[in-house]
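K.L.:
To be precise about what I am sending: the file is called start-v1.txt and holds compact mmCIF, C-alpha atoms.
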# COMPACT_ATOMS: atom_id res chain seq x y z
CA ASN A 1 49.56 55.66 2.02
CA ALA A 2 49.30 55.32 5.80
CA GLY A 3 45.61 56.26 6.12
CA VAL A 4 44.62 55.66 9.75
CA THR A 5 47.39 54.51 12.07
CA GLN A 6 46.71 53.04 15.50
CA THR A 7 49.22 52.33 18.24
CA PRO A 8 49.83 50.00 19.92
CA LYS A 9 48.60 46.98 17.95
CA PHE A 10 48.48 44.72 21.02
CA GLN A 11 48.41 45.42 24.75
CA VAL A 12 47.88 43.44 27.92
CA LEU A 13 46.90 45.33 31.07
CA LYS A 14 46.09 44.44 34.63
CA THR A 15 42.79 45.50 36.14
CA GLY A 16 43.02 49.08 37.39
CA GLN A 17 45.86 50.14 35.13
CA SER A 18 45.45 53.05 32.77
CA MET A 19 46.50 53.49 29.18
CA THR A 20 45.97 55.63 26.13
CA LEU A 21 45.30 54.31 22.64
CA GLN A 22 46.65 56.55 19.94
CA CYS A 23 45.15 57.24 16.52
CA ALA A 24 46.38 59.45 13.72
CA GLN A 25 45.08 60.02 10.19
CA ASP A 26 46.86 61.64 7.28
CA MET A 27 43.86 62.20 5.00
CA ASN A 28 42.96 65.66 6.36
CA HIS A 29 39.62 64.30 7.55
CA ASN A 30 37.43 66.39 9.81
CA SER A 31 35.68 63.62 11.73
CA MET A 32 37.19 60.83 13.82
CA TYR A 33 35.68 57.92 15.75
CA TRP A 34 36.51 55.23 18.27
CA TYR A 35 34.74 51.85 18.16
CA ARG A 36 35.03 48.62 20.04
CA GLN A 37 34.41 45.24 18.43
CA ASP A 38 33.25 42.30 20.49
CA PRO A 39 32.22 38.83 19.26
CA GLY A 40 28.60 38.77 18.11
CA MET A 41 28.15 42.50 18.80
CA GLY A 42 29.39 44.14 15.63
CA LEU A 43 31.07 47.50 16.15
CA ARG A 44 29.84 49.90 18.80
CA LEU A 45 30.71 53.58 18.86
CA ILE A 46 32.49 54.75 22.00
CA TYR A 47 33.19 58.42 21.25
CA TYR A 48 33.42 60.58 18.18
CA SER A 49 34.73 63.95 17.14
CA ALA A 50 32.76 65.63 14.39
CA SER A 51 35.42 68.28 13.95
CA GLU A 52 38.58 69.52 15.61
CA GLY A 53 37.76 70.87 19.05
CA THR A 54 34.59 68.84 19.60
CA THR A 55 33.94 65.42 21.09
CA ASP A 56 30.72 63.58 21.89
CA LYS A 57 29.64 60.34 23.49
CA GLY A 58 28.63 57.38 21.40
CA GLU A 59 26.76 54.25 22.35
CA VAL A 60 29.16 52.87 25.01
CA PRO A 61 31.22 55.75 26.53
CA ASN A 62 31.39 54.62 30.16
CA GLY A 63 34.93 53.99 31.37
CA TYR A 64 36.56 55.92 28.53
CA ASN A 65 37.73 59.44 27.80
CA VAL A 66 38.93 60.96 24.55
CA SER A 67 41.04 63.87 23.38
CA ARG A 68 41.03 65.40 19.92
CA LEU A 69 44.57 66.67 20.10
CA ASN A 70 44.54 68.32 16.68
CA LYS A 71 42.96 67.60 13.31
CA ARG A 72 45.13 64.50 12.79
CA GLU A 73 45.05 62.84 16.21
CA PHE A 74 42.30 61.39 18.38
CA SER A 75 43.25 59.42 21.48
CA LEU A 76 41.20 57.10 23.68
CA ARG A 77 42.03 56.74 27.37
CA LEU A 78 41.10 54.02 29.82
CA GLU A 79 41.58 55.51 33.29
CA SER A 80 41.07 52.31 35.29
CA ALA A 81 40.91 49.28 33.06
CA ALA A 82 38.34 46.56 33.73
CA PRO A 83 38.10 43.03 32.26
CA SER A 84 34.88 44.09 30.50
CA GLN A 85 37.00 46.43 28.39
CA THR A 86 38.86 43.53 26.81
CA SER A 87 38.12 44.08 23.14
CA VAL A 88 39.47 45.12 19.77
CA TYR A 89 39.45 48.89 19.39
CA PHE A 90 39.19 50.59 16.02
CA CYS A 91 39.76 54.19 15.14
CA ALA A 92 38.17 55.62 12.00
CA SER A 93 38.02 58.92 10.17
CA SER A 94 35.83 60.48 7.51
CA ASP A 95 35.98 63.50 5.29
CA ALA A 96 32.89 65.35 6.47
CA TRP A 97 30.04 65.19 8.89
CA THR A 98 27.56 64.09 6.26
CA GLY A 99 25.75 60.95 5.36
CA GLU A 100 27.62 60.06 2.22
CA GLN A 101 31.27 59.93 3.11
CA PRO A 102 32.58 56.50 4.09
CA GLN A 103 34.69 55.99 7.16
CA HIS A 104 38.29 54.76 6.87
CA PHE A 105 39.46 52.38 9.57
CA GLY A 106 42.77 51.59 11.20
CA ASP A 107 43.94 48.02 11.74
CA GLY A 108 42.86 47.95 15.37
CA THR A 109 44.34 47.62 18.85
CA ARG A 110 43.82 44.27 20.53
CA LEU A 111 43.51 44.93 24.24
CA SER A 112 43.36 42.28 26.96
CA ILE A 113 42.70 43.16 30.57
CA LEU A 114 43.49 40.54 33.17
CA GLY B 115 16.71 54.61 16.75
CA ASP B 116 18.50 53.27 13.72
CA SER B 117 19.22 49.56 13.42
CA VAL B 118 20.68 47.08 10.93
CA THR B 119 19.85 43.39 10.82
CA GLN B 120 21.95 41.04 8.74
CA MET B 121 21.79 37.31 8.32
CA GLU B 122 23.44 35.22 10.96
CA GLY B 123 26.57 33.39 10.01
CA PRO B 124 28.72 31.64 9.51
CA VAL B 125 28.17 31.11 5.82
CA THR B 126 30.27 28.41 4.15
CA LEU B 127 30.41 28.12 0.36
CA SER B 128 32.43 26.33 -2.25
CA GLU B 129 34.51 28.35 -4.69
CA GLU B 130 32.47 29.72 -7.63
CA ALA B 131 29.19 29.49 -5.70
CA PHE B 132 26.67 32.35 -5.64
CA LEU B 133 26.65 34.51 -2.52
CA THR B 134 23.80 36.43 -0.92
CA ILE B 135 24.06 38.08 2.49
CA ASN B 136 20.78 39.65 3.53
CA CYS B 137 20.64 43.05 5.20
CA THR B 138 17.58 45.02 6.29
CA TYR B 139 17.46 48.29 8.15
CA THR B 140 15.35 50.68 10.19
CA ALA B 141 16.26 54.33 9.99
CA THR B 142 14.96 57.87 10.20
CA GLY B 143 14.73 59.64 6.87
CA TYR B 144 16.84 58.52 3.94
CA PRO B 145 20.00 56.79 5.09
CA SER B 146 23.16 56.07 3.15
CA LEU B 147 23.96 52.36 3.09
CA PHE B 148 27.33 50.63 3.15
CA TRP B 149 28.94 47.22 3.08
CA TYR B 150 32.28 46.88 4.83
CA VAL B 151 34.60 43.85 4.72
CA GLN B 152 37.04 42.77 7.42
CA TYR B 153 39.78 40.32 6.50
CA PRO B 154 41.41 38.34 9.32
CA GLY B 155 43.55 40.51 11.58
CA GLU B 156 42.71 43.71 9.74
CA GLY B 157 40.46 46.71 10.09
CA LEU B 158 37.28 47.31 8.14
CA GLN B 159 37.45 48.35 4.51
CA LEU B 160 34.64 49.95 2.57
CA LEU B 161 33.40 47.46 -0.02
CA LEU B 162 30.58 49.45 -1.62
CA LYS B 163 27.97 52.08 -0.87
CA ALA B 164 24.66 53.49 -2.08
CA THR B 165 23.29 56.86 -1.08
CA LYS B 166 19.77 56.93 -2.49
CA ALA B 167 16.93 54.62 -3.39
CA ASP B 168 17.51 52.28 -6.37
CA ASP B 169 21.24 53.04 -6.42
CA LYS B 170 23.41 49.99 -7.01
CA GLY B 171 26.79 49.89 -5.37
CA SER B 172 29.40 47.57 -6.86
CA ASN B 173 33.05 46.67 -6.31
CA LYS B 174 35.27 43.60 -6.86
CA GLY B 175 32.32 41.65 -8.30
CA PHE B 176 30.08 42.39 -5.31
CA GLU B 177 26.81 44.27 -5.77
CA ALA B 178 24.04 45.61 -3.55
CA THR B 179 20.93 47.59 -4.48
CA TYR B 180 19.29 50.15 -2.17
CA ARG B 181 15.66 49.02 -1.92
CA LYS B 182 13.65 51.62 -0.05
CA GLU B 183 10.34 49.79 -0.39
CA THR B 184 11.72 46.71 1.39
CA THR B 185 14.32 48.61 3.48
CA SER B 186 16.97 46.20 2.26
CA PHE B 187 20.53 46.26 0.93
CA HIS B 188 21.44 42.64 0.21
CA LEU B 189 25.02 41.82 -0.80
CA GLU B 190 25.51 39.50 -3.79
CA LYS B 191 28.37 38.02 -5.76
CA GLY B 192 27.98 35.66 -8.66
CA SER B 193 31.10 33.55 -8.12
CA VAL B 194 32.99 33.69 -4.84
CA GLN B 195 36.68 32.98 -4.42
CA VAL B 196 38.68 31.67 -1.50
CA SER B 197 40.11 35.19 -1.11
CA ASP B 198 36.59 36.49 -0.34
CA SER B 199 36.66 34.72 3.01
CA ALA B 200 36.10 37.50 5.55
CA VAL B 201 33.53 39.10 7.82
CA TYR B 202 31.01 41.35 6.05
CA PHE B 203 29.23 44.21 7.81
CA CYS B 204 26.18 46.06 6.61
CA ALA B 205 25.95 49.63 7.95
CA LEU B 206 24.01 52.86 7.57
CA ILE B 207 24.32 56.54 8.30
CA SER B 208 21.27 58.74 8.76
CA GLY B 209 20.48 62.21 9.95
CA GLY B 210 18.36 60.64 12.64
CA SER B 211 21.51 59.22 14.24
CA ASN B 212 23.38 62.49 13.76
CA TYR B 213 25.43 60.96 10.98
CA LYS B 214 26.93 58.17 13.05
CA LEU B 215 27.45 54.75 11.48
CA THR B 216 25.16 51.99 12.72
CA PHE B 217 26.51 48.48 12.04
CA GLY B 218 24.96 45.08 11.77
CA LYS B 219 26.61 42.32 13.76
CA GLY B 220 28.59 40.96 10.83
CA THR B 221 28.46 37.76 8.79
CA LEU B 222 31.46 35.45 8.60
CA LEU B 223 31.95 34.01 5.12
CA THR B 224 34.24 31.05 4.52
CA VAL B 225 34.90 29.94 0.96
CA ASN B 226 36.42 26.49 0.47
CA PRO B 227 38.45 25.49 -2.61
The structure in this file should be written as structure tokens.

P.N.:
Amino acid sequence: NAGVTQTPKFQVLKTGQSMTLQCAQDMNHNSMYWYRQDPGMGLRLIYYSASEGTTDKGEVPNGYNVSRLNKREFSLRLESAAPSQTSVYFCASSDAWTGEQPQHFGDGTRLSIL
Amino acid sequence: GDSVTQMEGPVTLSEEAFLTINCTYTATGYPSLFWYVQYPGEGLQLLLKATKADDKGSNKGFEATYRKETTSFHLEKGSVQVSDSAVYFCALISGGSNYKLTFGKGTLLTVNP
């Protein structure tokens, strides 16, 4: 059972470089999410996609863009990486846009920007 | 807006000790409440959930009861094991936040043999 798969697991970038974090889920979930996790801050929502074809900003969207490529895949793009974007990034998915369904998380992408 | 406050860590216990991690919340309407666990180097896993007042969520010996009158969802376990060492996150979803998860900052638990 793959669940939510994130690639890459680790990445080091230089300031100003761009990259795309990939996320795919095999649970036929409608909703997908991108979070960042920083020490002492918990998880903060960057962007989410309630259903295929829609995306919306979360709490900390600046400096990021997303694409819901199809129902399975939701990518996060850093156009011009900054040291403040050094973080662990988690993708998650859930079955429906309701209050009761838990979110399923990937193992994270550890991103360092020098 | 919605918010979750959980006790500051780190929490260090001996094996077989009793665990309580406090969690209180502020939310619009009637939120669903969750506890997630994150083991070192891994993503978050759902530990338990409760979707209405007085519900008790339970899993792997952990329990939490949805207390609407005190807006709390404290996590408890009667006898912790070394393998319970992890970071625990309290979280909620409410209609007031358009069904987005709001997390507490996490509590690091270390259990010593």

K.L.:
How many Å separate CA of Ser172 (chain B) from CA of Leu147 (chain B)?

P.N.:
12.3 Å

K.L.:
Could you tell me how far CA of Thr109 (chain A) lies from CA of Tyr33 (chain A), in Å and to one decimal?

P.N.:
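One can read the CA of Thr109 (chain A) to CA of Tyr33 (chain A) distance as 13.8 Å.
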
K.L.:
Give me the residues near Ala178 (chain B) as a PyMOL selection string, where near means some atom within 12 Å (using only C-alpha atoms) and where sequence neighbours in that chain fewer than 4 positions away do not count.

P.N.:
chain B and resi 133-138+147-150+161-165+167-174+186-192+204

K.L.:
For region 66-73 of chain A, list every protein, DNA or RNA residue within 7 Å, evaluated using all atoms listed in the file, and leave out those in the same chain fewer than 5 positions away; present the list as a list in words.

P.N.:
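My list of contacting residues is Cys23, Ala24, Gln25, Asp26, Asn28, Asn30, Glu52 and Gly53 of chain A.
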
K.L.:
With the cut-off set at 6 Å and counting all atoms listed in the file, tabulate each residue of chain A with an atom at most that distance from an atom of chain B, showing the nearest atom pair and its distance in Å to one decimal, ordered by chain and increasing number, as CSV.

P.N.:
residue,atom,partner,partner_atom,distance
A:Gly40,CA,B:Lys219,CA,6.0
A:Met41,CA,B:Lys219,CA,5.3
A:Gly42,CA,B:Lys219,CA,3.8
A:Gly99,CA,B:Ile207,CA,5.5
A:Phe105,CA,B:Leu158,CA,5.7
A:Gly106,CA,B:Gly157,CA,5.5
A:Asp107,CA,B:Gly157,CA,4.1
A:Gly108,CA,B:Gly157,CA,5.9

K.L.:
Measuring between all atoms listed in the file, which one of B:Glu177, B:Tyr202, B:Val194, B:Pro227 shows the shortest distance to Leu43 (chain A)?

P.N.:
B:Tyr202

K.L.:
What does the structure give for the distance between CA of Gln120 (chain B) and CA of Val151 (chain B), in Å to one decimal?

P.N.:
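Going from CA of Gln120 (chain B) over to CA of Val151 (chain B), I get 13.6 Å.
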
K.L.:
Got a sec to check which residues sit within 10 Å of (34.0, 62.1, 14.0), counting all atoms listed in the file, and write them as a PyMOL selection string?

P.N.:
(chain A and resi 29-34+47-52+54-56+68+74+91-97+103) or (chain B and resi 213-214)

K.L.:
Around (40.8, 32.6, -3.8) in the file's own coordinates, what residues are found within 12 Å if you use all atoms listed in the file, given back as a VMD selection string?

P.N.:
chain B and resid 128 to 130 193 to 200 224 to 227

K.L.:
Can you sort out the box for region 24-41 of chain A, edges along x, y and z, all listed atoms in, 5 Å on every side, with centre and edge lengths in Å to one decimal, as JSON?

P.N.:
{"center_x": 37.5, "center_y": 52.6, "center_z": 12.7, "size_x": 28.7, "size_y": 37.6, "size_z": 25.5}

K.L.:
So, with only C-alpha atoms as the atoms that count, which of A:Gln17, A:Gln85, A:Ser80, A:Thr7 lies closest to Ile46 (chain A)?

P.N.:
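Checking each of A:Gln17, A:Gln85, A:Ser80, A:Thr7 against Ile46 (chain A), counting only C-alpha atoms, the winner is A:Gln85.
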
K.L.:
Using all atoms listed in the file, which residue out of A:Ser112, A:Leu45, A:Asn65, A:Met27 lies closest to Gly3 (chain A)?

P.N.:
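Among the listed residues, the smallest separation from Gly3 (chain A) belongs to A:Met27.
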
K.L.:
Please output region 129-140 of chain B, rebuilt to include all heavy atoms, as an mmCIF file, in the frame of the given file.

P.N.:
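Resulting contents of selection-v7.cif:
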data_model
loop_
_atom_site.group_PDB
_atom_site.id
_atom_site.type_symbol
_atom_site.label_atom_id
_atom_site.label_comp_id
_atom_site.auth_asym_id
_atom_site.auth_seq_id
_atom_site.Cartn_x
_atom_site.Cartn_y
_atom_site.Cartn_z
ATOM 1 N N GLU B 129 34.055 27.379 -3.694
ATOM 2 C CA GLU B 129 34.510 28.350 -4.690
ATOM 3 C C GLU B 129 33.594 28.317 -5.903
ATOM 4 O O GLU B 129 33.122 27.265 -6.319
ATOM 5 C CB GLU B 129 35.944 28.014 -5.101
ATOM 6 C CG GLU B 129 36.741 29.192 -5.607
ATOM 7 C CD GLU B 129 38.232 28.910 -5.640
ATOM 8 O OE1 GLU B 129 38.628 27.732 -5.719
ATOM 9 O OE2 GLU B 129 39.010 29.875 -5.581
ATOM 10 N N GLU B 130 33.322 29.490 -6.460
ATOM 11 C CA GLU B 130 32.470 29.720 -7.630
ATOM 12 C C GLU B 130 30.975 29.663 -7.304
ATOM 13 O O GLU B 130 30.152 29.828 -8.207
ATOM 14 C CB GLU B 130 32.817 28.767 -8.777
ATOM 15 C CG GLU B 130 34.256 28.933 -9.263
ATOM 16 C CD GLU B 130 34.573 28.063 -10.468
ATOM 17 O OE1 GLU B 130 33.675 27.347 -10.941
ATOM 18 O OE2 GLU B 130 35.726 28.114 -10.924
ATOM 19 N N ALA B 131 30.607 29.469 -6.064
ATOM 20 C CA ALA B 131 29.190 29.490 -5.700
ATOM 21 C C ALA B 131 28.669 30.923 -5.686
ATOM 22 O O ALA B 131 29.434 31.891 -5.619
ATOM 23 C CB ALA B 131 28.993 28.850 -4.325
ATOM 24 N N PHE B 132 27.329 31.044 -5.710
ATOM 25 C CA PHE B 132 26.670 32.350 -5.640
ATOM 26 C C PHE B 132 26.485 32.744 -4.179
ATOM 27 O O PHE B 132 26.104 31.924 -3.344
ATOM 28 C CB PHE B 132 25.301 32.274 -6.335
ATOM 29 C CG PHE B 132 24.588 33.589 -6.409
ATOM 30 C CD1 PHE B 132 24.855 34.478 -7.442
ATOM 31 C CD2 PHE B 132 23.663 33.957 -5.442
ATOM 32 C CE1 PHE B 132 24.207 35.702 -7.518
ATOM 33 C CE2 PHE B 132 23.009 35.184 -5.502
ATOM 34 C CZ PHE B 132 23.276 36.053 -6.538
ATOM 35 N N LEU B 133 26.737 34.018 -3.895
ATOM 36 C CA LEU B 133 26.650 34.510 -2.520
ATOM 37 C C LEU B 133 25.526 35.535 -2.392
ATOM 38 O O LEU B 133 25.411 36.446 -3.217
ATOM 39 C CB LEU B 133 27.960 35.187 -2.105
ATOM 40 C CG LEU B 133 27.930 35.985 -0.794
ATOM 41 C CD1 LEU B 133 27.810 35.046 0.393
ATOM 42 C CD2 LEU B 133 29.157 36.869 -0.675
ATOM 43 N N THR B 134 24.713 35.379 -1.361
ATOM 44 C CA THR B 134 23.800 36.430 -0.920
ATOM 45 C C THR B 134 23.921 36.559 0.588
ATOM 46 O O THR B 134 23.837 35.559 1.298
ATOM 47 C CB THR B 134 22.336 36.110 -1.262
ATOM 48 O OG1 THR B 134 22.192 35.967 -2.665
ATOM 49 C CG2 THR B 134 21.416 37.222 -0.774
ATOM 50 N N ILE B 135 24.127 37.774 1.062
ATOM 51 C CA ILE B 135 24.060 38.080 2.490
ATOM 52 C C ILE B 135 22.972 39.127 2.652
ATOM 53 O O ILE B 135 23.066 40.229 2.119
ATOM 54 C CB ILE B 135 25.387 38.604 3.051
ATOM 55 C CG1 ILE B 135 26.505 37.575 2.849
ATOM 56 C CG2 ILE B 135 25.227 38.921 4.548
ATOM 57 C CD1 ILE B 135 27.867 38.043 3.336
ATOM 58 N N ASN B 136 21.926 38.759 3.387
ATOM 59 C CA ASN B 136 20.780 39.650 3.530
ATOM 60 C C ASN B 136 21.042 40.737 4.571
ATOM 61 O O ASN B 136 21.674 40.489 5.610
ATOM 62 C CB ASN B 136 19.544 38.856 3.948
ATOM 63 C CG ASN B 136 19.041 37.980 2.817
ATOM 64 O OD1 ASN B 136 19.291 38.241 1.655
ATOM 65 N ND2 ASN B 136 18.327 36.914 3.160
ATOM 66 N N CYS B 137 20.526 41.922 4.282
ATOM 67 C CA CYS B 137 20.640 43.050 5.200
ATOM 68 C C CYS B 137 19.350 43.871 5.101
ATOM 69 O O CYS B 137 18.938 44.248 4.002
ATOM 70 C CB CYS B 137 21.827 43.920 4.850
ATOM 71 S SG CYS B 137 21.910 45.476 5.768
ATOM 72 N N THR B 138 18.711 44.118 6.227
ATOM 73 C CA THR B 138 17.580 45.020 6.290
ATOM 74 C C THR B 138 17.852 46.078 7.348
ATOM 75 O O THR B 138 18.669 45.869 8.248
ATOM 76 C CB THR B 138 16.271 44.285 6.616
ATOM 77 O OG1 THR B 138 16.431 43.605 7.862
ATOM 78 C CG2 THR B 138 15.905 43.293 5.534
ATOM 79 N N TYR B 139 17.152 47.186 7.252
ATOM 80 C CA TYR B 139 17.460 48.290 8.150
ATOM 81 C C TYR B 139 16.200 49.016 8.601
ATOM 82 O O TYR B 139 15.143 48.929 7.970
ATOM 83 C CB TYR B 139 18.410 49.285 7.470
ATOM 84 C CG TYR B 139 17.795 50.003 6.292
ATOM 85 C CD1 TYR B 139 17.089 51.194 6.455
ATOM 86 C CD2 TYR B 139 17.909 49.482 5.008
ATOM 87 C CE1 TYR B 139 16.516 51.844 5.376
ATOM 88 C CE2 TYR B 139 17.334 50.123 3.926
ATOM 89 C CZ TYR B 139 16.637 51.289 4.112
ATOM 90 O OH TYR B 139 16.057 51.943 3.040
ATOM 91 N N THR B 140 16.349 49.727 9.692
ATOM 92 C CA THR B 140 15.350 50.680 10.190
ATOM 93 C C THR B 140 16.085 51.981 10.429
ATOM 94 O O THR B 140 17.128 51.998 11.099
ATOM 95 C CB THR B 140 14.733 50.191 11.509
ATOM 96 O OG1 THR B 140 14.152 48.913 11.311
ATOM 97 C CG2 THR B 140 13.676 51.166 11.993
#
